[in-house]
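*Asks:* My questions will all concern the structure given below.
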Amino acid sequence: MKLRNLYAGTALALLIVSAGPSWSQDTAQAEAEAQAVTREQVEESVTAETDSQLADKRTAVIQEAVDALHETNAAIAAIEKGDIDAAIAALALATGKLETVVAREPDLALAPVRIDHITYDVLGSVEAVRELGKQIEDLVDDGKFQEARPLLSGFASEVVIRTTSLPLATYPDAILAATALLDDGKTDEAMTVLNAALSTQVVTDTVVALPPLRAVAMIEKAKALLNDDGEAANDKAATEDKAATEDKAATEDKAATEDADLTAADYVEAARQELKIAEALGYGRESDFEDLHEALDELDRQIEAQEDTGGIFETIATRFEELRTRIFN
């Protein structure tokens with residue numbers, strides 16, 4: 001189930017009105033809308049990437065651990081009903097499941113049982129994002145933490161992949177301890193141990209920042225458009241049959257691009273704005289993005305001069321990978 005942070009809509013309004021007299025609201029609105037149009041063209045690609053990362057996480061879920069958690073809850077329900085035999089039976093099943101996990105992977109510290117994800121997205125122009133960041137910073141500097149908290153909670157553009165796991169160093173022992181207590185007739189103590197065990201589940205978050213993902217997808221769009229233009233110039237005799245044999249996804253992407261009436265230069269500029277938004281949101285410092293901005297500037301120059309852009313796209317891909325490793329790995 002995909003959960004979208006409900007604050008995102010409010011954040012959009014805040015970004016537009018908080019820019020102040022130094023930045024025209026009309027300009028901020030126009031920039032935000034233009035960026036939204038470009039984002040729409042790469043949304044499918046960005047979603048596919050985040051879905052792929054989610055799928056990787058879901059494959060790590062260990063079914064035996066899930067079953068052990070289920071049996072723990074079943075034991076608690078049985079104790080509440082006064083059915084101690086059923087509770088002991090459920091805990092025996094949980095113990096067996098956990099023993100299987102430990103036997104299979106003796107060095108495993110955390111056994112994943114659940115994967116959730118939440119999407120946060122701040123919408124607005126680069127200047128508006130910066131203004132909101134400055135507003136948050138001023139509130140924190142003034143000690144107005146409660147006023148800053150609702151602004152900061154939505155000040156993000158990311159998918160958070162949340163993994164809940166059972167700690168194998170302690171959870172199996174807790175199940176055995178609760179079983180022994182039930183055998184001794186100490187149901188209240190057993191219930192306390194089981195509830196405490198459930199509270200020890202470990203939650204870890206993996207953050208996937210959206211602006212860099214979008215920037216990568218936008219550069220791919222620019223590259224595809226430039227390749228299409230080059231092929232047309234080099235092979236004017238190409239027939240309509242060629243379009244019919246192209247990859248279906250590429251054809252749909254090109255149609256979507258034509259509908260938006262966007263050029264390669266438009267996509268490069270949109271990618272540049274995404275990087276500035278990433279910086280404004282605190283996903284890195286200005287120095288972290290310098291190499292990429294220089295590469296994008298060179299791409300702009302080559303596009304304007306109608307030069308071959310093959311080499312610069314390889315450089316940009318390398319710069320993005322370096323950024324990923326340096327900040328988001």
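Ordered as shown in the structure tokens, chains take letters A, B, and onward, while each chain numbers its residues from 1 and ligands are numbered from 1 in the order shown.
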As a PDB file with C-alpha atoms, in the first residue's frame, which residues of region 19-176 of chain A does DSSP assign to alpha helix (DSSP H)?
*Replies:*
```
ATOM      1  CA  GLN A  25       4.437  34.785  -6.070  1.00  0.00           C
ATOM      2  CA  ASP A  26       3.483  34.710  -9.736  1.00  0.00           C
ATOM      3  CA  THR A  27       7.056  33.792 -10.675  1.00  0.00           C
ATOM      4  CA  ALA A  28       7.218  31.112  -7.989  1.00  0.00           C
ATOM      5  CA  GLN A  29       3.885  29.694  -9.129  1.00  0.00           C
ATOM      6  CA  ALA A  30       4.957  29.680 -12.793  1.00  0.00           C
ATOM      7  CA  GLU A  31       8.261  27.946 -12.016  1.00  0.00           C
ATOM      8  CA  ALA A  32       6.547  25.357  -9.833  1.00  0.00           C
ATOM      9  CA  GLU A  33       4.002  24.600 -12.545  1.00  0.00           C
ATOM     10  CA  ALA A  34       6.675  24.333 -15.249  1.00  0.00           C
ATOM     11  CA  GLN A  35       8.692  21.931 -13.105  1.00  0.00           C
ATOM     12  CA  ALA A  36       5.562  19.892 -12.394  1.00  0.00           C
ATOM     13  CA  VAL A  37       4.930  19.490 -16.131  1.00  0.00           C
ATOM     14  CA  THR A  38       8.451  18.195 -16.685  1.00  0.00           C
ATOM     15  CA  ARG A  39       8.231  15.895 -13.671  1.00  0.00           C
ATOM     16  CA  GLU A  40       5.078  14.386 -15.109  1.00  0.00           C
ATOM     17  CA  GLN A  41       7.038  13.213 -18.151  1.00  0.00           C
ATOM     18  CA  VAL A  42       9.471  11.200 -15.996  1.00  0.00           C
ATOM     19  CA  GLU A  43       7.074  10.040 -13.285  1.00  0.00           C
ATOM     20  CA  GLU A  44       6.762   6.551 -14.750  1.00  0.00           C
ATOM     21  CA  SER A  45      10.525   6.079 -14.805  1.00  0.00           C
ATOM     22  CA  VAL A  46      10.961   7.371 -11.244  1.00  0.00           C
ATOM     23  CA  THR A  47       8.141   5.174  -9.965  1.00  0.00           C
ATOM     24  CA  ALA A  48       9.680   2.126 -11.654  1.00  0.00           C
ATOM     25  CA  GLU A  49      12.992   2.785  -9.876  1.00  0.00           C
ATOM     26  CA  THR A  50      11.423   3.189  -6.427  1.00  0.00           C
ATOM     27  CA  ASP A  51       9.228   0.142  -7.015  1.00  0.00           C
ATOM     28  CA  SER A  52      12.338  -1.853  -7.900  1.00  0.00           C
ATOM     29  CA  GLN A  53      13.999  -0.868  -4.635  1.00  0.00           C
ATOM     30  CA  LEU A  54      10.825  -1.783  -2.749  1.00  0.00           C
ATOM     31  CA  ALA A  55      10.725  -5.162  -4.450  1.00  0.00           C
ATOM     32  CA  ASP A  56      14.330  -5.810  -3.428  1.00  0.00           C
ATOM     33  CA  LYS A  57      13.447  -5.050   0.189  1.00  0.00           C
ATOM     34  CA  ARG A  58      10.340  -7.242   0.100  1.00  0.00           C
ATOM     35  CA  GLN A  63       8.377 -15.817   6.160  1.00  0.00           C
ATOM     36  CA  GLU A  64       9.334 -17.932   9.204  1.00  0.00           C
ATOM     37  CA  ALA A  65       9.931 -14.728  11.165  1.00  0.00           C
ATOM     38  CA  VAL A  66       6.568 -13.396  10.005  1.00  0.00           C
ATOM     39  CA  ASP A  67       4.977 -16.633  11.194  1.00  0.00           C
ATOM     40  CA  ALA A  68       6.753 -16.373  14.560  1.00  0.00           C
ATOM     41  CA  LEU A  69       5.393 -12.860  15.023  1.00  0.00           C
ATOM     42  CA  HIS A  70       1.913 -14.072  14.131  1.00  0.00           C
ATOM     43  CA  GLU A  71       2.157 -16.904  16.674  1.00  0.00           C
ATOM     44  CA  THR A  72       3.320 -14.450  19.339  1.00  0.00           C
ATOM     45  CA  ASN A  73       0.198 -12.380  18.823  1.00  0.00           C
ATOM     46  CA  ALA A  74      -1.884 -15.574  18.820  1.00  0.00           C
ATOM     47  CA  ALA A  75      -0.357 -16.534  22.173  1.00  0.00           C
ATOM     48  CA  ILE A  76      -1.250 -13.156  23.657  1.00  0.00           C
ATOM     49  CA  ALA A  77      -4.810 -13.487  22.402  1.00  0.00           C
ATOM     50  CA  ALA A  78      -5.034 -16.991  23.912  1.00  0.00           C
ATOM     51  CA  ILE A  79      -3.759 -15.757  27.286  1.00  0.00           C
ATOM     52  CA  GLU A  80      -6.373 -13.003  27.302  1.00  0.00           C
ATOM     53  CA  LYS A  81      -9.021 -15.677  26.753  1.00  0.00           C
ATOM     54  CA  ILE A  84      -3.058 -21.284  28.426  1.00  0.00           C
ATOM     55  CA  ASP A  85      -2.615 -24.538  26.487  1.00  0.00           C
ATOM     56  CA  ALA A  86      -3.291 -22.726  23.207  1.00  0.00           C
ATOM     57  CA  ALA A  87      -0.851 -19.988  24.210  1.00  0.00           C
ATOM     58  CA  ILE A  88       1.903 -22.493  24.953  1.00  0.00           C
ATOM     59  CA  ALA A  89       1.227 -24.265  21.664  1.00  0.00           C
ATOM     60  CA  ALA A  90       1.462 -20.974  19.764  1.00  0.00           C
ATOM     61  CA  LEU A  91       4.752 -20.101  21.453  1.00  0.00           C
ATOM     62  CA  ALA A  92       6.116 -23.555  20.620  1.00  0.00           C
ATOM     63  CA  LEU A  93       5.350 -22.902  16.970  1.00  0.00           C
ATOM     64  CA  ALA A  94       6.994 -19.469  17.210  1.00  0.00           C
ATOM     65  CA  THR A  95      10.096 -21.023  18.753  1.00  0.00           C
ATOM     66  CA  GLY A  96      10.318 -23.606  15.985  1.00  0.00           C
ATOM     67  CA  LYS A  97      10.029 -20.939  13.295  1.00  0.00           C
ATOM     68  CA  LEU A  98      12.747 -18.834  14.895  1.00  0.00           C
ATOM     69  CA  GLU A  99      15.040 -21.830  15.284  1.00  0.00           C
ATOM     70  CA  THR A 100      14.686 -22.432  11.561  1.00  0.00           C
ATOM     71  CA  VAL A 101      15.699 -18.830  10.824  1.00  0.00           C
ATOM     72  CA  VAL A 102      18.727 -19.003  13.119  1.00  0.00           C
ATOM     73  CA  ALA A 103      19.808 -22.389  11.772  1.00  0.00           C
ATOM     74  CA  ARG A 104      19.588 -21.160   8.193  1.00  0.00           C
ATOM     75  CA  VAL A 126      13.768  26.380  -5.973  1.00  0.00           C
ATOM     76  CA  GLU A 127      13.569  29.857  -4.471  1.00  0.00           C
ATOM     77  CA  ALA A 128      10.402  28.993  -2.583  1.00  0.00           C
ATOM     78  CA  VAL A 129      12.000  25.849  -1.139  1.00  0.00           C
ATOM     79  CA  ARG A 130      14.977  27.902  -0.028  1.00  0.00           C
ATOM     80  CA  GLU A 131      12.715  30.488   1.577  1.00  0.00           C
ATOM     81  CA  LEU A 132      10.856  27.825   3.525  1.00  0.00           C
ATOM     82  CA  GLY A 133      14.158  26.310   4.632  1.00  0.00           C
ATOM     83  CA  LYS A 134      15.265  29.735   5.860  1.00  0.00           C
ATOM     84  CA  GLN A 135      11.971  30.127   7.726  1.00  0.00           C
ATOM     85  CA  ILE A 136      12.504  26.778   9.466  1.00  0.00           C
ATOM     86  CA  GLU A 137      16.101  27.689  10.299  1.00  0.00           C
ATOM     87  CA  ASP A 138      15.036  31.022  11.811  1.00  0.00           C
ATOM     88  CA  LEU A 139      12.383  29.342  13.960  1.00  0.00           C
ATOM     89  CA  VAL A 140      14.912  26.801  15.256  1.00  0.00           C
ATOM     90  CA  ASP A 141      17.484  29.523  15.955  1.00  0.00           C
ATOM     91  CA  PHE A 145      10.833  24.252  17.944  1.00  0.00           C
ATOM     92  CA  GLN A 146       7.117  23.485  18.048  1.00  0.00           C
ATOM     93  CA  GLU A 147       6.417  26.063  15.348  1.00  0.00           C
ATOM     94  CA  ALA A 148       9.217  24.621  13.231  1.00  0.00           C
ATOM     95  CA  ARG A 149       8.196  20.997  13.690  1.00  0.00           C
ATOM     96  CA  PRO A 150       5.153  20.884  11.338  1.00  0.00           C
ATOM     97  CA  LEU A 151       7.133  22.725   8.661  1.00  0.00           C
ATOM     98  CA  LEU A 152      10.174  20.482   9.001  1.00  0.00           C
ATOM     99  CA  SER A 153       8.142  17.249   9.062  1.00  0.00           C
ATOM    100  CA  TYR A 171      13.369 -12.225  20.643  1.00  0.00           C
ATOM    101  CA  PRO A 172      13.717 -16.055  20.676  1.00  0.00           C
ATOM    102  CA  ASP A 173      14.893 -15.960  24.320  1.00  0.00           C
ATOM    103  CA  ALA A 174      11.856 -13.872  25.250  1.00  0.00           C
ATOM    104  CA  ILE A 175       9.540 -16.441  23.693  1.00  0.00           C
ATOM    105  CA  LEU A 176      11.224 -19.243  25.679  1.00  0.00           C
TER     106      LEU A 176
END
```
*Asks:* I'd like the contact shell of region 292-300 of chain A - 12 Å cut-off, only C-alpha atoms, skipping same-chain residues fewer than 4 positions apart - returned as a PyMOL selection string.
*Replies:* chain A and resi 212+215-216+218-219+222-223+226+263-276+279+286-288+304-324
*Asks:* Which neighbours of region 325-328 of chain A fall inside 9 Å, counting only C-alpha atoms, when residues of the same chain fewer than 5 positions from it are skipped, and could you give them as a list in words?
*Replies:*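 My list of contacting residues is Val207, Val208, Ala209, Tyr283, Gly284, Asp288 and Phe320 of chain A.
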*Asks:* Take the residues from that selection and put them in a file with all heavy atoms, as a JSON list (two decimals), in the first residue's frame.
*Replies:*
```
[["chain", "number", "residue", "atom", "x", "y", "z"],
["A", 207, "VAL", "N", 16.12, 5.83, 2.90],
["A", 207, "VAL", "CA", 15.58, 7.02, 2.25],
["A", 207, "VAL", "C", 16.04, 7.08, 0.79],
["A", 207, "VAL", "O", 17.23, 7.00, 0.51],
["A", 207, "VAL", "CB", 16.02, 8.30, 3.00],
["A", 207, "VAL", "CG1", 15.54, 9.54, 2.25],
["A", 207, "VAL", "CG2", 15.48, 8.29, 4.42],
["A", 208, "VAL", "N", 15.07, 7.20, -0.10],
["A", 208, "VAL", "CA", 15.36, 7.36, -1.53],
["A", 208, "VAL", "C", 14.96, 8.78, -1.91],
["A", 208, "VAL", "O", 13.77, 9.10, -2.01],
["A", 208, "VAL", "CB", 14.59, 6.34, -2.38],
["A", 208, "VAL", "CG1", 14.94, 6.51, -3.86],
["A", 208, "VAL", "CG2", 14.87, 4.91, -1.91],
["A", 209, "ALA", "N", 15.94, 9.65, -2.07],
["A", 209, "ALA", "CA", 15.66, 11.05, -2.41],
["A", 209, "ALA", "C", 15.13, 11.14, -3.84],
["A", 209, "ALA", "O", 15.73, 10.59, -4.77],
["A", 209, "ALA", "CB", 16.92, 11.89, -2.25],
["A", 283, "TYR", "N", 19.73, 17.60, 1.08],
["A", 283, "TYR", "CA", 20.23, 16.28, 0.71],
["A", 283, "TYR", "C", 21.71, 16.31, 0.33],
["A", 283, "TYR", "O", 22.27, 15.29, -0.08],
["A", 283, "TYR", "CB", 19.41, 15.71, -0.46],
["A", 283, "TYR", "CG", 18.00, 15.35, -0.06],
["A", 283, "TYR", "CD1", 16.91, 16.05, -0.56],
["A", 283, "TYR", "CD2", 17.76, 14.30, 0.83],
["A", 283, "TYR", "CE1", 15.62, 15.73, -0.20],
["A", 283, "TYR", "CE2", 16.46, 13.98, 1.20],
["A", 283, "TYR", "CZ", 15.40, 14.69, 0.69],
["A", 283, "TYR", "OH", 14.11, 14.37, 1.06],
["A", 284, "GLY", "N", 22.31, 17.44, 0.46],
["A", 284, "GLY", "CA", 23.72, 17.59, 0.18],
["A", 284, "GLY", "C", 24.08, 19.06, 0.26],
["A", 284, "GLY", "O", 23.20, 19.92, 0.35],
["A", 288, "ASP", "N", 28.67, 19.40, -3.14],
["A", 288, "ASP", "CA", 28.36, 18.04, -3.59],
["A", 288, "ASP", "C", 27.80, 18.02, -5.00],
["A", 288, "ASP", "O", 27.86, 16.98, -5.68],
["A", 288, "ASP", "CB", 27.35, 17.39, -2.64],
["A", 288, "ASP", "CG", 27.94, 17.13, -1.27],
["A", 288, "ASP", "OD1", 29.08, 16.64, -1.21],
["A", 288, "ASP", "OD2", 27.28, 17.43, -0.26],
["A", 320, "PHE", "N", 26.53, 11.42, -11.55],
["A", 320, "PHE", "CA", 25.36, 11.01, -10.77],
["A", 320, "PHE", "C", 25.70, 9.81, -9.88],
["A", 320, "PHE", "O", 25.27, 9.74, -8.73],
["A", 320, "PHE", "CB", 24.20, 10.66, -11.69],
["A", 320, "PHE", "CG", 23.30, 11.83, -12.01],
["A", 320, "PHE", "CD1", 23.18, 12.29, -13.31],
["A", 320, "PHE", "CD2", 22.59, 12.46, -11.01],
["A", 320, "PHE", "CE1", 22.36, 13.37, -13.61],
["A", 320, "PHE", "CE2", 21.76, 13.55, -11.30],
["A", 320, "PHE", "CZ", 21.65, 14.01, -12.60]]
```
*Asks:* Excluding region 189-206 of chain A and residues on its chain fewer than 2 positions from it, collect all residues at most 7 Å away from it, counting only C-alpha atoms, and give them as a tab-separated table (two decimals) with N, CA, C and O atoms, in the first residue's frame.
*Replies:*
```tsv
chain	number	residue	atom	x	y	z
A	76	ILE	N	-0.70	-14.22	22.82
A	76	ILE	CA	-1.25	-13.16	23.66
A	76	ILE	C	-2.77	-13.20	23.66
A	76	ILE	O	-3.41	-13.07	24.72
A	160	VAL	N	10.46	6.87	1.73
A	160	VAL	CA	11.06	6.22	2.89
A	160	VAL	C	10.60	4.76	2.90
A	160	VAL	O	9.40	4.49	3.01
A	161	ILE	N	11.54	3.84	2.73
A	161	ILE	CA	11.24	2.42	2.78
A	161	ILE	C	11.54	1.95	4.21
A	161	ILE	O	12.68	1.99	4.65
A	162	ARG	N	10.50	1.53	4.91
A	162	ARG	CA	10.61	1.21	6.34
A	162	ARG	C	10.56	-0.32	6.53
A	162	ARG	O	9.59	-0.97	6.14
A	163	THR	N	11.61	-0.84	7.12
A	163	THR	CA	11.71	-2.28	7.38
A	163	THR	C	11.57	-2.55	8.87
A	163	THR	O	12.30	-1.97	9.68
A	164	THR	N	10.62	-3.41	9.22
A	164	THR	CA	10.44	-3.83	10.61
A	164	THR	C	10.98	-5.24	10.76
A	164	THR	O	10.66	-6.13	9.97
A	165	SER	N	11.83	-5.46	11.79
A	165	SER	CA	12.52	-6.74	11.95
A	165	SER	C	12.44	-7.23	13.39
A	165	SER	O	12.31	-6.44	14.34
A	166	LEU	N	12.56	-8.55	13.54
A	166	LEU	CA	12.69	-9.15	14.86
A	166	LEU	C	14.17	-9.26	15.21
A	166	LEU	O	14.96	-9.76	14.40
A	167	PRO	N	14.57	-8.81	16.41
A	167	PRO	CA	15.97	-8.94	16.82
A	167	PRO	C	16.25	-10.36	17.29
A	167	PRO	O	15.75	-10.81	18.32
A	171	TYR	N	14.77	-11.83	20.81
A	171	TYR	CA	13.37	-12.23	20.64
A	171	TYR	C	13.14	-13.72	20.93
A	171	TYR	O	12.21	-14.07	21.67
A	174	ALA	N	13.07	-14.38	24.60
A	174	ALA	CA	11.86	-13.87	25.25
A	174	ALA	C	10.70	-14.85	25.09
A	174	ALA	O	9.91	-15.06	26.03
A	175	ILE	N	10.61	-15.46	23.93
A	175	ILE	CA	9.54	-16.44	23.69
A	175	ILE	C	9.73	-17.64	24.62
A	175	ILE	O	8.76	-18.14	25.24
A	178	ALA	N	8.78	-16.61	28.19
A	178	ALA	CA	7.33	-16.52	28.36
A	178	ALA	C	6.71	-17.91	28.46
A	178	ALA	O	5.77	-18.13	29.24
A	181	LEU	N	7.25	-19.24	31.94
A	181	LEU	CA	6.36	-18.56	32.89
A	181	LEU	C	4.95	-19.13	32.81
A	181	LEU	O	4.26	-19.31	33.83
A	182	LEU	N	4.49	-19.41	31.60
A	182	LEU	CA	3.16	-20.00	31.44
A	182	LEU	C	3.10	-21.39	32.07
A	182	LEU	O	2.10	-21.77	32.69
A	186	LYS	N	2.34	-18.44	35.70
A	186	LYS	CA	2.53	-16.99	35.88
A	186	LYS	C	2.10	-16.27	34.59
A	186	LYS	O	2.91	-15.79	33.81
A	187	THR	N	0.80	-16.21	34.40
A	187	THR	CA	0.28	-15.66	33.14
A	187	THR	C	0.53	-14.16	33.00
A	187	THR	O	0.83	-13.69	31.90
A	208	VAL	N	15.07	7.20	-0.10
A	208	VAL	CA	15.36	7.36	-1.53
A	208	VAL	C	14.96	8.78	-1.91
A	208	VAL	O	13.77	9.10	-2.01
```
*Asks:* So that I can check the secondary structure, give me every residue of region 141-225 of chain A assigned strand (DSSP E) by backbone DSSP, as number ranges by chain.
*Replies:* A: 157-167, 202-209
*Asks:* Calculate how many Å separate CA of Ala278 (chain A) from CA of Lys221 (chain A), rounding to one decimal.
*Replies:*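 Here the two named atoms are 19.6 Å from each other.
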